Structure formats: structure tokens, C-alpha cells
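Undergrad: Provided below: data08.txt, containing compact mmCIF, N, CA and C atoms.
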# COMPACT_ATOMS: atom_id res chain seq x y z
N MET H 1 -38.95 46.13 14.01
CA MET H 1 -38.95 44.71 14.23
C MET H 1 -38.30 43.97 13.07
N ILE H 2 -38.57 44.43 11.86
CA ILE H 2 -38.03 43.74 10.70
C ILE H 2 -36.51 43.86 10.65
N TYR H 3 -35.97 45.00 11.12
CA TYR H 3 -34.52 45.17 11.13
C TYR H 3 -33.84 44.26 12.15
N LEU H 4 -34.49 44.06 13.26
CA LEU H 4 -33.97 43.13 14.26
C LEU H 4 -33.98 41.71 13.70
N LEU H 5 -35.03 41.36 13.02
CA LEU H 5 -35.15 40.04 12.41
C LEU H 5 -34.08 39.82 11.33
N ILE H 6 -33.82 40.84 10.55
CA ILE H 6 -32.78 40.75 9.52
C ILE H 6 -31.40 40.60 10.18
N GLY H 7 -31.17 41.32 11.27
CA GLY H 7 -29.90 41.21 11.98
C GLY H 7 -29.68 39.82 12.56
N VAL H 8 -30.71 39.27 13.19
CA VAL H 8 -30.62 37.91 13.76
C VAL H 8 -30.42 36.90 12.64
N HIS H 9 -31.11 37.08 11.53
CA HIS H 9 -30.99 36.17 10.40
C HIS H 9 -29.56 36.21 9.83
N SER H 10 -28.98 37.38 9.75
CA SER H 10 -27.61 37.52 9.24
C SER H 10 -26.60 36.83 10.15
N ILE H 11 -26.76 37.01 11.46
CA ILE H 11 -25.87 36.36 12.42
C ILE H 11 -26.01 34.85 12.35
N LEU H 12 -27.24 34.38 12.24
CA LEU H 12 -27.46 32.93 12.14
C LEU H 12 -26.87 32.36 10.85
N SER H 13 -26.95 33.11 9.76
CA SER H 13 -26.40 32.60 8.50
C SER H 13 -24.88 32.48 8.57
N ILE H 14 -24.22 33.44 9.18
CA ILE H 14 -22.76 33.37 9.34
C ILE H 14 -22.38 32.23 10.27
N ALA H 15 -23.12 32.09 11.37
CA ALA H 15 -22.85 31.00 12.31
C ALA H 15 -23.06 29.64 11.66
N LEU H 16 -24.07 29.53 10.83
CA LEU H 16 -24.35 28.26 10.16
C LEU H 16 -23.23 27.90 9.18
N VAL H 17 -22.71 28.86 8.47
CA VAL H 17 -21.59 28.60 7.55
C VAL H 17 -20.36 28.14 8.32
N VAL H 18 -20.06 28.82 9.42
CA VAL H 18 -18.89 28.45 10.22
C VAL H 18 -19.05 27.06 10.81
N LEU H 19 -20.23 26.76 11.33
CA LEU H 19 -20.46 25.44 11.93
C LEU H 19 -20.38 24.33 10.89
N ILE H 20 -20.90 24.57 9.71
CA ILE H 20 -20.83 23.55 8.66
C ILE H 20 -19.39 23.34 8.21
N LEU H 21 -18.62 24.41 8.15
CA LEU H 21 -17.22 24.27 7.76
C LEU H 21 -16.39 23.55 8.83
N LEU H 22 -16.82 23.59 10.07
CA LEU H 22 -16.11 22.87 11.12
C LEU H 22 -16.27 21.36 10.98
N HIS H 23 -17.37 20.93 10.37
CA HIS H 23 -17.57 19.51 10.12
C HIS H 23 -16.60 19.08 9.03
N SER H 24 -16.06 17.89 9.20
CA SER H 24 -15.14 17.39 8.20
C SER H 24 -15.55 15.99 7.79
N GLY H 25 -15.15 15.59 6.60
CA GLY H 25 -15.54 14.27 6.10
C GLY H 25 -15.00 13.13 6.93
N LYS H 26 -13.71 13.15 7.20
CA LYS H 26 -13.11 12.07 7.96
C LYS H 26 -12.22 12.67 9.03
N GLY H 27 -12.40 12.24 10.24
CA GLY H 27 -11.63 12.78 11.34
C GLY H 27 -12.37 13.87 12.07
N GLY H 28 -12.91 14.80 11.36
CA GLY H 28 -13.73 15.84 11.94
C GLY H 28 -12.99 16.74 12.91
N VAL H 29 -13.71 17.26 13.83
CA VAL H 29 -13.16 18.19 14.81
C VAL H 29 -12.24 17.48 15.78
N SER H 30 -12.43 16.19 15.97
CA SER H 30 -11.59 15.46 16.92
C SER H 30 -10.13 15.48 16.50
N GLY H 31 -9.86 15.56 15.22
CA GLY H 31 -8.48 15.65 14.75
C GLY H 31 -7.84 16.97 15.12
N ILE H 32 -8.64 18.01 15.22
CA ILE H 32 -8.12 19.33 15.57
C ILE H 32 -7.88 19.43 17.08
N PHE H 33 -8.79 18.90 17.86
CA PHE H 33 -8.75 19.07 19.31
C PHE H 33 -8.25 17.84 20.04
N GLY H 34 -7.19 17.23 19.61
CA GLY H 34 -6.58 16.19 20.41
C GLY H 34 -6.64 14.79 19.86
N GLY H 35 -6.85 14.61 18.61
CA GLY H 35 -6.82 13.27 18.03
C GLY H 35 -8.05 12.47 18.36
N GLY H 36 -7.93 11.16 18.23
CA GLY H 36 -9.07 10.28 18.42
C GLY H 36 -9.21 9.75 19.82
N MET H 37 -8.60 10.39 20.79
CA MET H 37 -8.62 9.89 22.16
C MET H 37 -9.99 9.98 22.81
N SER H 38 -10.83 10.87 22.36
CA SER H 38 -12.12 11.08 23.00
C SER H 38 -13.25 10.34 22.30
N GLU H 39 -12.93 9.33 21.52
CA GLU H 39 -13.97 8.63 20.78
C GLU H 39 -14.78 7.74 21.70
N THR H 40 -16.06 7.62 21.39
CA THR H 40 -16.94 6.75 22.15
C THR H 40 -17.07 5.43 21.42
N PHE H 41 -17.93 4.55 21.89
CA PHE H 41 -18.09 3.24 21.28
C PHE H 41 -18.63 3.32 19.87
N SER H 42 -19.41 4.33 19.56
CA SER H 42 -20.00 4.43 18.23
C SER H 42 -19.01 4.96 17.20
N GLY H 43 -17.86 5.43 17.62
CA GLY H 43 -16.85 5.89 16.69
C GLY H 43 -16.83 7.39 16.48
N THR H 44 -17.78 8.11 17.01
CA THR H 44 -17.77 9.57 16.89
C THR H 44 -17.46 10.17 18.25
N SER H 45 -16.78 11.27 18.23
CA SER H 45 -16.38 11.89 19.49
C SER H 45 -17.53 12.71 20.08
N VAL H 46 -17.37 13.00 21.34
CA VAL H 46 -18.37 13.81 22.04
C VAL H 46 -18.40 15.22 21.46
N ILE H 47 -17.24 15.72 21.07
CA ILE H 47 -17.18 17.06 20.48
C ILE H 47 -17.96 17.11 19.18
N GLU H 48 -17.83 16.07 18.36
CA GLU H 48 -18.55 16.05 17.08
C GLU H 48 -20.05 15.93 17.29
N LYS H 49 -20.46 15.17 18.29
CA LYS H 49 -21.89 15.05 18.58
C LYS H 49 -22.46 16.39 19.03
N ASN H 50 -21.72 17.09 19.90
CA ASN H 50 -22.18 18.40 20.36
C ASN H 50 -22.18 19.42 19.22
N LEU H 51 -21.18 19.33 18.34
CA LEU H 51 -21.13 20.22 17.18
C LEU H 51 -22.34 19.99 16.28
N THR H 52 -22.71 18.73 16.11
CA THR H 52 -23.89 18.41 15.30
C THR H 52 -25.16 18.95 15.94
N ARG H 53 -25.27 18.82 17.25
CA ARG H 53 -26.46 19.35 17.95
C ARG H 53 -26.56 20.86 17.80
N VAL H 54 -25.44 21.56 17.96
CA VAL H 54 -25.45 23.01 17.82
C VAL H 54 -25.79 23.41 16.39
N THR H 55 -25.24 22.68 15.41
CA THR H 55 -25.52 22.97 14.01
C THR H 55 -27.00 22.79 13.70
N VAL H 56 -27.59 21.74 14.21
CA VAL H 56 -29.03 21.51 13.98
C VAL H 56 -29.85 22.62 14.63
N GLY H 57 -29.47 23.05 15.81
CA GLY H 57 -30.19 24.13 16.49
C GLY H 57 -30.11 25.44 15.72
N VAL H 58 -28.91 25.77 15.24
CA VAL H 58 -28.74 27.01 14.48
C VAL H 58 -29.48 26.92 13.15
N ALA H 59 -29.45 25.75 12.50
CA ALA H 59 -30.17 25.58 11.24
C ALA H 59 -31.67 25.73 11.45
N THR H 60 -32.19 25.18 12.54
CA THR H 60 -33.62 25.32 12.85
C THR H 60 -33.99 26.78 13.06
N ALA H 61 -33.18 27.50 13.82
CA ALA H 61 -33.43 28.92 14.05
C ALA H 61 -33.34 29.70 12.73
N PHE H 62 -32.40 29.32 11.87
CA PHE H 62 -32.27 29.97 10.57
C PHE H 62 -33.52 29.78 9.71
N PHE H 63 -34.06 28.56 9.70
CA PHE H 63 -35.28 28.32 8.91
C PHE H 63 -36.48 29.04 9.50
N ILE H 64 -36.53 29.18 10.82
CA ILE H 64 -37.63 29.92 11.44
C ILE H 64 -37.56 31.39 11.07
N THR H 65 -36.35 31.97 11.15
CA THR H 65 -36.22 33.38 10.78
C THR H 65 -36.47 33.59 9.29
N THR H 66 -36.13 32.61 8.46
CA THR H 66 -36.44 32.72 7.03
C THR H 66 -37.94 32.78 6.82
N GLY H 67 -38.66 31.90 7.50
CA GLY H 67 -40.12 31.92 7.39
C GLY H 67 -40.72 33.21 7.89
N LEU H 68 -40.18 33.72 8.99
CA LEU H 68 -40.69 34.99 9.52
C LEU H 68 -40.41 36.14 8.56
N LEU H 69 -39.25 36.12 7.93
CA LEU H 69 -38.93 37.18 6.97
C LEU H 69 -39.84 37.13 5.74
N VAL H 70 -40.36 35.97 5.44
CA VAL H 70 -41.28 35.86 4.31
C VAL H 70 -42.67 36.34 4.69
N PHE H 71 -43.13 35.97 5.88
CA PHE H 71 -44.52 36.23 6.24
C PHE H 71 -44.76 37.53 7.00
N VAL H 72 -43.82 38.01 7.78
CA VAL H 72 -44.05 39.22 8.57
C VAL H 72 -44.25 40.46 7.72
N PRO H 73 -43.42 40.71 6.70
CA PRO H 73 -43.69 41.91 5.87
C PRO H 73 -45.02 41.86 5.13
N SER H 74 -45.51 40.68 4.83
CA SER H 74 -46.79 40.59 4.10
C SER H 74 -47.99 40.84 5.01
N LEU H 75 -47.78 40.88 6.33
CA LEU H 75 -48.88 41.15 7.25
C LEU H 75 -49.19 42.64 7.38
N ARG H 76 -48.28 43.48 6.93
CA ARG H 76 -48.52 44.92 7.00
C ARG H 76 -49.58 45.33 5.99
N PRO H 77 -50.44 46.26 6.38
CA PRO H 77 -51.47 46.72 5.45
C PRO H 77 -50.95 47.63 4.36
Write the structure described by the file as C-alpha cells, please.
TA:
Amino acid sequence: MIYLLIGVHSILSIALVVLILLHSGKGGVSGIFGGGMSETFSGTSVIEKNLTRVTVGVATAFFITTGLLVFVPSLRP
């Protein structure tokens, strides 16, 4: 079980790095995928909003697996 948890944690860490690098200070992903044509009224594109949602989900899963990696081995006798 611990090896599966380590594997999932490793995949999540790589995914989190990639997702964070996709975020950009100005322009963001919308500059890569077709300019500012898909902007909404708030000024951020739908792609950037979805990227943020996915990043938050992966970060949450990463923190959960981190907690499990801390507490699961200590439960063994």
C-alpha cells in the first residue's frame, strides 16, 4: 500500500509542477491557445479558469497524499 501511495504522490508532484508552470503572470494560457479572443467579462479566459480549478484539485490531492505518507507508516506496529 505504501508503494502505491508513493507512486501516486510522485505523479501528483510532477503534475503539480507542470500545471503551475502553465500559469503565467500576464496573458497566461490564453496567449498560447489563440490569443485573447476567449476572454470573459472578468478578464480571464475560460481556459485559465479551468486550469486553476485543475491545479487546485491536484494540489489538494497532493496535500492529502502528503498527510497519508506521514501518518500511514506510523500506524504499523
Undergrad: Find the distance between atom CA of His23 of chain H and atom CA of Ala59 of chain H and write it in Å to one decimal.
TA: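 Computing it gives 14.0 Å between the two atoms.
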Undergrad: What are the centre and edge lengths in Å, to one decimal, of the axis-aligned box around all listed atoms of segment 59-69 of chain H with 8 Å added on each side, as lines of an AutoDock Vina configuration file?
TA:
center_x = -35.1
center_y = 31.2
center_z = 9.9
size_x = 27.3
size_y = 28.0
size_z = 24.3
Undergrad: To one decimal place, how far is atom N of Leu69 of chain H from atom C of Leu4 of chain H in Å?
TA: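 Atom N of Leu69 of chain H sits 9.6 Å away from atom C of Leu4 of chain H.
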Undergrad: Tell me, as number ranges by chain, which residues lie within 7 Å of Leu12 of chain H, counting only N, CA and C atoms; anything in the same chain fewer than 4 positions away does not count.
TA: H: 7-8, 16-17, 58, 61-62
Undergrad: What separation in Å, quoted to one decimal, exists between atom N of Ile20 of chain H and atom N of Thr55 of chain H?
TA: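 According to the coordinates, atom N of Ile20 of chain H and atom N of Thr55 of chain H are separated by 7.4 Å.
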Undergrad: Restricting the calculation to all atoms listed in the file: of H:Ile6, H:Ile14, H:Val70, H:Leu22, which residue gets closest to Leu51 of chain H?
TA: H:Leu22
